[in-house]
file upload_2.cif (mmCIF, C-alpha atoms)
data_entry
#
loop_
_atom_site.label_atom_id
_atom_site.label_comp_id
_atom_site.auth_asym_id
_atom_site.auth_seq_id
_atom_site.Cartn_x
_atom_site.Cartn_y
_atom_site.Cartn_z
CA MET A 1 -21.15 39.59 -1.76
CA LYS A 2 -23.34 37.63 0.67
CA GLN A 3 -23.97 34.96 -1.98
CA GLN A 4 -20.24 34.65 -2.58
CA LEU A 5 -19.56 34.29 1.13
CA ASP A 6 -22.29 31.69 1.50
CA LYS A 7 -20.92 29.74 -1.46
CA SER A 8 -17.37 29.93 -0.10
CA SER A 9 -18.57 28.76 3.31
CA ALA A 10 -20.42 25.83 1.76
CA MET A 11 -17.30 24.79 -0.17
CA SER A 12 -15.21 24.99 3.00
CA MET A 13 -17.68 22.84 4.90
CA ASP A 14 -17.65 20.31 2.08
CA ILE A 15 -13.85 20.03 2.29
CA PHE A 16 -13.97 19.60 6.07
CA GLU A 17 -16.63 16.92 5.71
CA LYS A 18 -14.38 15.04 3.29
CA ILE A 19 -11.39 15.16 5.63
CA SER A 20 -13.35 14.77 8.86
CA GLY A 21 -11.72 11.43 9.71
CA HIS A 22 -8.20 12.82 9.28
CA GLU A 23 -5.98 14.82 11.60
CA GLN A 24 -4.33 16.97 8.95
CA VAL A 25 -4.33 17.50 5.18
CA VAL A 26 -1.65 19.67 3.55
CA PHE A 27 -1.86 21.05 0.00
CA CYS A 28 1.61 21.67 -1.41
CA ASN A 29 2.20 24.11 -4.29
CA ASP A 30 5.56 25.18 -5.70
CA PRO A 31 5.12 27.11 -8.99
CA SER A 32 8.86 27.22 -9.74
CA THR A 33 9.07 23.41 -10.06
CA GLY A 34 5.45 22.70 -10.98
CA LEU A 35 4.94 20.69 -7.79
CA GLN A 36 1.33 20.13 -6.84
CA ALA A 37 0.92 17.60 -4.05
CA ILE A 38 -1.30 16.62 -1.15
CA ILE A 39 -0.14 15.07 2.13
CA ALA A 40 -2.76 13.44 4.33
CA ILE A 41 -2.16 12.43 7.95
CA HIS A 42 -4.96 10.14 9.08
CA ASN A 43 -4.04 9.03 12.60
CA THR A 44 -0.96 9.33 14.84
CA THR A 45 -2.18 7.28 17.82
CA LEU A 46 0.58 4.70 17.34
CA GLY A 47 3.24 7.21 16.33
CA PRO A 48 4.12 9.63 13.52
CA ALA A 49 2.36 9.04 10.23
CA LEU A 50 4.19 6.80 7.78
CA GLY A 51 3.28 6.20 4.15
CA GLY A 52 4.70 6.40 0.65
CA THR A 53 4.19 9.13 -1.90
CA ARG A 54 2.82 8.22 -5.29
CA MET A 55 2.93 10.27 -8.49
CA TYR A 56 0.01 9.98 -10.87
CA PRO A 57 -1.66 12.20 -13.51
CA TYR A 58 -4.95 12.63 -11.66
CA ALA A 59 -7.68 14.13 -13.81
CA THR A 60 -8.76 16.53 -11.04
CA VAL A 61 -7.59 17.73 -7.64
CA GLU A 62 -10.70 16.09 -6.20
CA ASP A 63 -9.54 12.72 -7.55
CA ALA A 64 -6.12 13.22 -5.96
CA LEU A 65 -7.69 14.19 -2.63
CA GLU A 66 -9.99 11.18 -2.63
CA ASP A 67 -7.06 8.87 -3.35
CA VAL A 68 -4.78 10.29 -0.66
CA LEU A 69 -7.55 10.18 1.96
CA ARG A 70 -8.31 6.54 1.23
CA LEU A 71 -4.66 5.55 1.10
CA SER A 72 -3.70 7.32 4.32
CA GLU A 73 -6.57 5.72 6.24
CA GLY A 74 -5.47 2.36 4.93
CA MET A 75 -1.97 3.03 6.27
CA THR A 76 -3.33 3.48 9.79
CA TYR A 77 -4.78 -0.02 9.67
CA LYS A 78 -1.69 -1.40 7.94
CA CYS A 79 0.60 -0.07 10.66
CA ALA A 80 -1.68 -1.43 13.38
CA ALA A 81 -1.88 -4.84 11.70
CA ALA A 82 1.90 -5.01 11.24
CA ASP A 83 2.42 -4.08 14.93
CA ILE A 84 4.73 -1.14 14.25
CA ASP A 85 4.76 2.13 16.17
CA PHE A 86 3.61 4.42 13.39
CA GLY A 87 0.36 5.96 12.26
CA GLY A 88 -1.23 6.35 8.87
CA GLY A 89 -0.29 8.93 6.28
CA LYS A 90 0.19 9.22 2.53
CA GLY A 91 1.32 11.68 -0.10
CA VAL A 92 0.31 12.13 -3.74
CA ILE A 93 2.01 14.24 -6.38
CA ILE A 94 -0.17 15.30 -9.30
CA GLY A 95 1.70 14.70 -12.54
CA ASP A 96 2.94 12.18 -15.07
CA PRO A 97 5.95 10.34 -13.64
CA LYS A 98 7.29 9.81 -17.17
CA THR A 99 7.41 13.49 -18.11
CA ASP A 100 6.93 15.74 -15.08
CA LYS A 101 9.68 14.62 -12.70
CA SER A 102 12.75 16.66 -11.85
CA PRO A 103 15.28 16.68 -8.98
CA ALA A 104 14.10 20.19 -8.08
CA LEU A 105 10.49 19.02 -7.81
CA PHE A 106 11.39 16.33 -5.30
CA ARG A 107 13.60 18.72 -3.33
CA ALA A 108 10.63 21.07 -3.13
CA TYR A 109 8.47 18.17 -1.96
CA GLY A 110 11.09 17.35 0.66
CA GLN A 111 10.79 20.88 2.02
CA PHE A 112 7.04 20.45 2.48
CA VAL A 113 7.60 17.12 4.25
CA ASP A 114 10.17 18.78 6.50
CA SER A 115 7.70 21.54 7.41
CA LEU A 116 5.62 18.89 9.22
CA ASN A 117 8.51 18.45 11.67
CA GLY A 118 8.40 14.66 11.98
CA ARG A 119 4.65 14.11 11.92
CA PHE A 120 5.01 12.43 8.50
CA TYR A 121 7.66 10.07 7.13
CA THR A 122 7.52 9.09 3.47
CA GLY A 123 9.26 7.28 0.61
CA THR A 124 8.49 5.53 -2.67
CA ASP A 125 5.14 4.39 -3.97
CA MET A 126 3.58 3.94 -7.39
CA GLY A 127 5.20 6.28 -9.92
CA THR A 128 8.14 7.23 -7.69
CA THR A 129 11.58 5.70 -7.15
CA MET A 130 14.26 5.56 -4.48
CA ASP A 131 16.37 7.99 -6.53
CA ASP A 132 13.53 10.53 -6.38
CA PHE A 133 13.68 10.43 -2.60
CA VAL A 134 17.44 10.72 -2.53
CA GLN A 135 16.67 14.22 -3.82
CA ALA A 136 13.92 14.80 -1.27
CA ALA A 137 16.27 13.65 1.51
CA LYS A 138 18.54 16.59 0.74
CA GLU A 139 15.86 18.79 2.29
CA THR A 140 14.57 16.65 5.16
CA ASN A 141 15.46 13.80 7.49
CA PHE A 142 11.94 12.39 7.35
CA ILE A 143 12.47 10.12 4.34
CA ASN A 144 12.46 6.32 4.20
CA GLY A 145 13.02 3.77 1.44
CA ILE A 146 16.42 5.14 0.40
CA PRO A 147 18.99 2.97 -1.47
CA GLU A 148 21.40 0.98 0.64
CA GLU A 149 24.28 3.08 -0.68
CA PHE A 150 22.74 6.07 1.11
CA GLY A 151 22.12 4.23 4.37
CA GLY A 152 18.62 2.96 3.64
CA GLY A 153 17.09 -0.49 3.52
CA GLY A 154 17.03 -0.74 -0.26
CA ASP A 155 14.25 -1.94 -2.54
CA SER A 156 11.06 -2.18 -0.46
CA SER A 157 9.28 -4.16 -3.19
CA ILE A 158 11.35 -7.20 -2.17
CA PRO A 159 9.76 -7.65 1.30
CA THR A 160 6.39 -6.59 -0.15
CA ALA A 161 6.57 -9.46 -2.64
CA GLU A 162 7.70 -11.78 0.17
CA GLY A 163 4.63 -10.78 2.12
CA VAL A 164 2.36 -11.60 -0.82
CA LEU A 165 3.94 -15.05 -1.07
CA TYR A 166 3.39 -15.62 2.67
CA GLY A 167 -0.22 -14.52 2.18
CA LEU A 168 -0.62 -17.01 -0.65
CA LYS A 169 0.88 -19.80 1.45
CA ALA A 170 -1.47 -19.02 4.36
CA THR A 171 -4.46 -18.97 2.01
CA ASN A 172 -3.51 -22.27 0.41
CA LYS A 173 -3.07 -23.79 3.86
CA TYR A 174 -6.50 -22.56 4.96
CA LEU A 175 -8.31 -23.54 1.76
CA PHE A 176 -6.51 -26.67 0.65
CA GLY A 177 -4.75 -27.90 3.80
CA ASN A 178 -1.31 -27.46 2.23
CA GLU A 179 0.73 -24.25 1.99
CA SER A 180 2.54 -25.36 -1.17
CA LEU A 181 2.35 -22.76 -3.95
CA THR A 182 2.57 -25.28 -6.79
CA SER A 183 -0.36 -27.07 -8.46
CA ILE A 184 -2.34 -23.82 -8.16
CA THR A 185 -3.39 -21.40 -10.90
CA TYR A 186 -2.93 -17.71 -10.14
CA ALA A 187 -4.44 -14.78 -12.05
CA ILE A 188 -2.00 -11.89 -11.57
CA GLN A 189 -3.09 -8.36 -12.37
CA GLY A 190 -0.09 -6.07 -12.75
CA LEU A 191 3.60 -6.82 -13.30
CA GLY A 192 5.14 -3.82 -11.62
CA LYS A 193 7.81 -3.81 -8.93
CA VAL A 194 5.90 -6.30 -6.75
CA GLY A 195 3.71 -8.22 -9.21
CA TYR A 196 6.66 -9.17 -11.42
CA LYS A 197 8.61 -10.59 -8.47
CA VAL A 198 5.61 -12.63 -7.32
CA ALA A 199 4.95 -13.91 -10.85
CA ASN A 200 8.58 -14.84 -11.42
CA HIS A 201 8.80 -16.74 -8.10
CA LEU A 202 5.64 -18.69 -8.90
CA LEU A 203 6.99 -19.63 -12.32
CA GLN A 204 10.30 -20.80 -10.86
CA ILE A 205 8.55 -23.25 -8.53
CA GLY A 206 6.32 -24.65 -11.29
CA ALA A 207 3.01 -22.85 -10.75
CA THR A 208 0.59 -21.84 -13.49
CA ILE A 209 0.01 -18.12 -13.87
CA ILE A 210 -2.31 -16.01 -16.00
CA VAL A 211 -1.11 -12.40 -16.23
CA THR A 212 -2.03 -9.00 -17.56
CA ASP A 213 -0.31 -5.63 -17.58
CA ILE A 214 -0.45 -2.38 -19.54
CA SER A 215 3.29 -2.63 -20.25
CA GLU A 216 4.23 -4.71 -23.26
CA ASP A 217 7.83 -4.83 -21.98
CA ALA A 218 6.71 -6.39 -18.71
CA LEU A 219 4.58 -8.97 -20.52
CA THR A 220 7.46 -9.87 -22.83
CA ALA A 221 9.85 -10.20 -19.90
CA ILE A 222 7.57 -12.55 -17.93
CA GLN A 223 6.89 -14.59 -21.06
CA GLU A 224 10.63 -15.06 -21.52
CA LYS A 225 10.95 -16.10 -17.88
CA GLY A 226 8.14 -18.60 -18.37
CA ALA A 227 9.89 -20.18 -21.34
CA LYS A 228 12.89 -20.95 -19.11
CA SER A 229 11.04 -22.12 -16.01
CA PRO A 230 9.02 -25.20 -14.94
CA GLY A 231 5.89 -23.08 -14.62
CA THR A 232 3.55 -21.89 -17.36
CA VAL A 233 2.38 -18.38 -18.20
CA THR A 234 -0.60 -17.18 -20.22
CA ILE A 235 -1.12 -13.53 -21.15
CA VAL A 236 -4.61 -12.02 -21.37
CA GLU A 237 -6.03 -8.56 -22.04
CA SER A 238 -6.52 -6.26 -19.03
CA ASP A 239 -10.28 -6.70 -18.74
CA GLU A 240 -10.15 -10.47 -19.30
CA ILE A 241 -8.26 -11.15 -16.07
CA TYR A 242 -11.45 -11.00 -13.99
CA GLY A 243 -13.13 -13.87 -15.80
CA VAL A 244 -10.31 -16.39 -16.20
CA ASP A 245 -10.41 -19.86 -14.68
CA ALA A 246 -7.98 -19.66 -11.77
CA ASP A 247 -7.78 -20.61 -8.11
CA ILE A 248 -6.52 -17.30 -6.70
CA PHE A 249 -6.74 -13.75 -8.01
CA VAL A 250 -3.60 -11.71 -7.24
CA PRO A 251 -4.23 -7.96 -7.79
CA CYS A 252 -0.91 -6.06 -7.84
CA ALA A 253 -1.84 -2.87 -9.70
CA MET A 254 -4.38 -0.12 -9.02
CA GLY A 255 -6.96 -0.13 -6.22
CA GLY A 256 -10.74 -0.07 -6.44
CA ILE A 257 -10.82 -3.01 -8.84
CA LEU A 258 -13.17 -5.18 -6.77
CA ASN A 259 -16.60 -3.76 -7.50
CA ASP A 260 -20.13 -4.91 -8.38
CA GLU A 261 -19.22 -5.65 -11.98
CA THR A 262 -15.84 -7.37 -11.53
CA ILE A 263 -16.83 -9.48 -8.51
CA GLU A 264 -19.72 -10.90 -10.50
CA ARG A 265 -17.24 -12.21 -13.09
CA LEU A 266 -14.74 -13.77 -10.70
CA LYS A 267 -14.39 -17.57 -10.72
CA VAL A 268 -11.62 -17.79 -8.13
CA LYS A 269 -11.67 -19.22 -4.61
CA ALA A 270 -9.61 -16.43 -3.02
CA ILE A 271 -8.08 -12.99 -3.52
CA VAL A 272 -4.56 -12.28 -2.24
CA GLY A 273 -2.58 -9.38 -3.66
CA SER A 274 -0.45 -6.30 -3.04
CA ALA A 275 -2.63 -3.56 -4.55
CA ASN A 276 -3.81 -0.96 -2.05
CA ASN A 277 -7.54 -0.44 -1.45
CA GLN A 278 -8.65 -3.29 -3.69
CA LEU A 279 -12.28 -2.99 -2.59
CA LYS A 280 -14.15 -0.21 -4.36
CA GLU A 281 -16.29 0.14 -1.24
CA ASP A 282 -16.11 -1.67 2.10
CA TYR A 283 -19.42 -3.43 1.46
CA HIS A 284 -17.77 -5.33 -1.37
CA ALA A 285 -16.07 -7.44 1.31
CA LYS A 286 -19.55 -8.73 2.17
CA VAL A 287 -20.32 -9.34 -1.50
CA LEU A 288 -17.19 -11.49 -1.75
CA HIS A 289 -18.05 -13.25 1.51
CA GLU A 290 -21.54 -14.11 0.28
CA LYS A 291 -20.12 -15.39 -2.99
CA GLY A 292 -17.76 -17.71 -1.10
CA ILE A 293 -14.56 -15.97 -2.19
CA LEU A 294 -11.95 -15.72 0.56
CA TYR A 295 -10.49 -12.21 0.72
CA ALA A 296 -7.11 -11.54 2.32
CA PRO A 297 -7.20 -7.90 3.52
CA ASP A 298 -4.72 -6.08 1.31
CA TYR A 299 -3.25 -3.95 4.08
CA ILE A 300 -2.01 -7.10 5.83
CA VAL A 301 -0.77 -8.86 2.70
CA ASN A 302 1.22 -5.91 1.36
CA ALA A 303 2.79 -4.80 4.65
CA GLY A 304 6.30 -6.08 3.85
CA GLY A 305 7.43 -2.82 2.30
CA LEU A 306 6.01 -0.83 5.20
CA ILE A 307 7.84 -3.07 7.66
CA GLN A 308 11.13 -2.35 5.88
CA VAL A 309 10.78 1.42 5.67
CA ALA A 310 9.69 1.59 9.32
CA ASP A 311 12.67 -0.55 10.29
CA GLU A 312 15.06 1.98 8.74
CA LEU A 313 14.32 4.42 11.56
CA TYR A 314 15.92 1.99 13.98
CA GLY A 315 18.87 1.23 11.69
CA ALA A 316 18.31 -0.91 8.58
CA ASN A 317 18.43 -4.63 9.35
CA LYS A 318 17.38 -7.09 6.61
CA ALA A 319 17.16 -10.11 8.92
CA ARG A 320 14.82 -8.25 11.25
CA VAL A 321 12.66 -7.14 8.31
CA LEU A 322 12.32 -10.65 6.90
CA LEU A 323 11.48 -12.06 10.34
CA LYS A 324 8.68 -9.55 10.83
CA THR A 325 7.45 -10.01 7.24
CA LYS A 326 7.13 -13.73 7.88
CA ALA A 327 4.53 -12.91 10.56
CA ILE A 328 2.13 -11.97 7.75
CA TYR A 329 1.49 -15.70 7.30
CA GLN A 330 0.12 -16.12 10.83
CA SER A 331 -1.76 -12.82 10.72
CA ILE A 332 -3.68 -13.95 7.64
CA ILE A 333 -4.47 -17.33 9.20
CA GLU A 334 -5.78 -15.61 12.36
CA VAL A 335 -8.00 -13.27 10.32
CA TYR A 336 -9.50 -16.19 8.39
CA LYS A 337 -10.20 -18.10 11.60
CA GLN A 338 -11.66 -15.08 13.40
CA SER A 339 -13.86 -14.30 10.41
CA GLU A 340 -15.25 -17.81 10.50
CA LEU A 341 -15.65 -17.81 14.28
CA ASP A 342 -17.49 -14.46 14.41
CA ALA A 343 -19.41 -14.97 11.15
CA VAL A 344 -18.13 -11.67 9.75
CA THR A 345 -16.17 -10.74 6.67
CA THR A 346 -12.40 -11.07 6.73
CA LEU A 347 -12.17 -7.28 6.36
CA GLU A 348 -14.25 -6.72 9.48
CA ALA A 349 -12.24 -9.33 11.39
CA ALA A 350 -9.01 -7.57 10.45
CA ASN A 351 -10.40 -4.08 11.16
CA ARG A 352 -11.58 -5.14 14.63
CA LYS A 353 -8.12 -6.37 15.47
CA CYS A 354 -6.59 -3.08 14.35
CA ARG A 355 -9.12 -0.95 16.24
CA GLU A 356 -8.38 -2.94 19.39
CA ARG A 357 -4.66 -2.26 19.04
CA LEU A 358 -5.24 1.45 18.43
CA GLU A 359 -7.30 1.65 21.60
CA GLU A 360 -4.85 -0.41 23.66
CA GLN A 361 -1.89 1.73 22.62
CA ARG A 362 -3.57 5.14 22.89
CA GLY A 363 -1.24 7.45 24.81
CA ARG A 364 1.51 4.84 25.17
CA ASN A 365 3.78 5.59 22.19
CA ASN A 366 7.00 7.47 22.94
CA PHE A 367 8.51 7.61 19.45
CA PHE A 368 8.61 11.42 19.44
CA ARG A 369 10.60 11.47 22.70
CA ARG A 370 13.29 8.95 21.73
CA GLU A 371 16.86 10.05 21.14
CA ARG A 372 17.84 9.48 17.52
CA SER A 373 20.48 10.94 15.27
CA PRO A 374 19.71 12.29 11.77
CA LYS A 375 20.02 9.61 9.10
CA TRP A 376 21.16 11.82 6.23
CA THR A 377 23.97 13.79 7.86
CA PHE A 378 26.13 13.34 4.72
CA TYR A 379 23.97 16.01 3.06
CA LYS A 380 24.23 18.53 5.89
#
call {"tool": "encode", "arguments": {"input": "upload_2.cif", "output": "C-alpha cells"}}
result
Amino acid sequence: MKQQLDKSSAMSMDIFEKISGHEQVVFCNDPSTGLQAIIAIHNTTLGPALGGTRMYPYATVEDALEDVLRLSEGMTYKCAAADIDFGGGKGVIIGDPKTDKSPALFRAYGQFVDSLNGRFYTGTDMGTTMDDFVQAAKETNFINGIPEEFGGGGDSSIPTAEGVLYGLKATNKYLFGNESLTSITYAIQGLGKVGYKVANHLLQIGATIIVTDISEDALTAIQEKGAKSPGTVTIVESDEIYGVDADIFVPCAMGGILNDETIERLKVKAIVGSANNQLKEDYHAKVLHEKGILYAPDYIVNAGGLIQVADELYGANKARVLLKTKAIYQSIIEVYKQSELDAVTTLEAANRKCRERLEEQRGRNNFFRRERSPKWTFYK
C-alpha cells in the first residue's frame, strides 16, 4: 500500500510540475457523448481567459495536455500584444473531427465551459467550426466566434488572414524598404481556413507562391485559382517546403515546425505565418536570429481572429475589428526595431513588451464587474 501511495504522490507532483505556470487546468469527461477534453487557463491578469478550442486525435492524453498548456500560455502573450482585456486560455477535445463530432458532444463541452462561470471564453480553432459552437452556446453564454446569423462576428479566419498580410507588408518594409507584396516569393505551408485566404490574395496581386498541404482538394483549388490569376503557384510535397528557394516562409498549419532539422534547411530571409507555436522550443528563436532569418512572432501575426472574437463581447463591429487588426503592421515593425536596438531575438523583444503590459495592468482590469447582457438569449 505504501508503495502505491508513494507512486500516486509522485504522479500527482509530476502533473503539478507540468501545470505550475498555469492558474487552472480542467479535465472534462462525458461518457454519454464520448467527450474527452482539457481546458487550460494560463493567466487572467488582463481579464478572463480567452482562447479557441481545437479538436485533434491526440495519440495520448499527455500529448493533449502538452498542447493545451503551450497554446494557452501563447494566448496570454497574444492578448497582451493585441492590447485586449483578456487573459490566456485554450481548450482541446481529443478525437477525430471527421468522425467523432456530434451536436451532443459540443453541448456537453458547453456545459463544462459554463461551469467555469466566465473565467474562460472559447470558440473555433483547428478541427472545429462555428456550427459546432452554435451547439455549445445552447449551454453557455461564454462562447465567441459564432456566425453572424446568431449575433456573432462571423468567420474569424478573415481577420486572421488580414493580420498575416499586414505582417508580410511590415516584414517587406523592414527588409526591402517597400511594403509591396508583389515581386516576392512566398513558401506557404498549409491551405486551411487562413492559409488558403493568404495564398489566394497573394496570387491575385501577382506574387509567386510555393505551397503544400495534406489536402489534395485544397491543392487543386489553389492551382485552379493560380491559373486564373496574375500570380504563379507551384505545389511541392509536405517535407520539401522547408528547402525551397523563397523569400519568406509562411507557416499556416501545425505548430512546432521550426526545429533544429528544419531551420537548417531554410533558405528564406524571414518567417511570417499564422500557425500557433511555430518554434519547437524558445531557443530556436536564437537559432533563427544567428542564421539571419527574421522571425515575426506568431502570436502577434495571427492575432486578427482573437481581436474579432474578443470584440464580440462588446457587440460585433467589423470596422472596429479591421482597425485594430491593422495595428499588427506597426506592432511587427516595433518588434523588429526593438530586437535590433537591444540585440535580442524578435521573440524576446515581443515577450518583454507583453510582460511589461501584464505588470502595468495587474489589478486594473474590471471586465468581471461590467454590466453586460447575455448574448445568446434566443436559446434561453
call {"tool": "atom_distance", "arguments": {"input": "upload_2.cif", "atom1": "atom CA of Gly89 of chain A", "atom2": "atom CA of Tyr196 of chain A"}}
result
26.3 Å
call {"tool": "residues_around", "arguments": {"input": "upload_2.cif", "residues": "Ile328 of chain A", "least_positions_apart": "5", "cutoff": "7 Å", "atoms": "all atoms listed in the file", "output": "PyMOL selection string"}}
result
chain A and resi 163+166-167+300-301
call {"tool": "closest_residue", "arguments": {"input": "upload_2.cif", "among": "A:Ser180, A:Ser215, A:Asn277, A:Thr128", "to": "Glu73 of chain A", "atoms": "only C-alpha atoms"}}
result
A:Asn277
call {"tool": "resolve_selection", "arguments": {"input": "upload_2.cif", "expression": "the PyMOL selection byres ((chain A and resi 256) around 6)", "output": "list in words"}}
result
Gly255, Ile257, Leu258, Asn277, Gln278, Leu279 and Lys280 of chain A
call {"tool": "resolve_selection", "arguments": {"input": "upload_2.cif", "expression": "the PyMOL selection byres ((chain A and resi 145-149) around 8)", "output": "PyMOL selection string"}}
result
chain A and resi 122-124+130-131+133-134+143-144+150-156+308-309+312
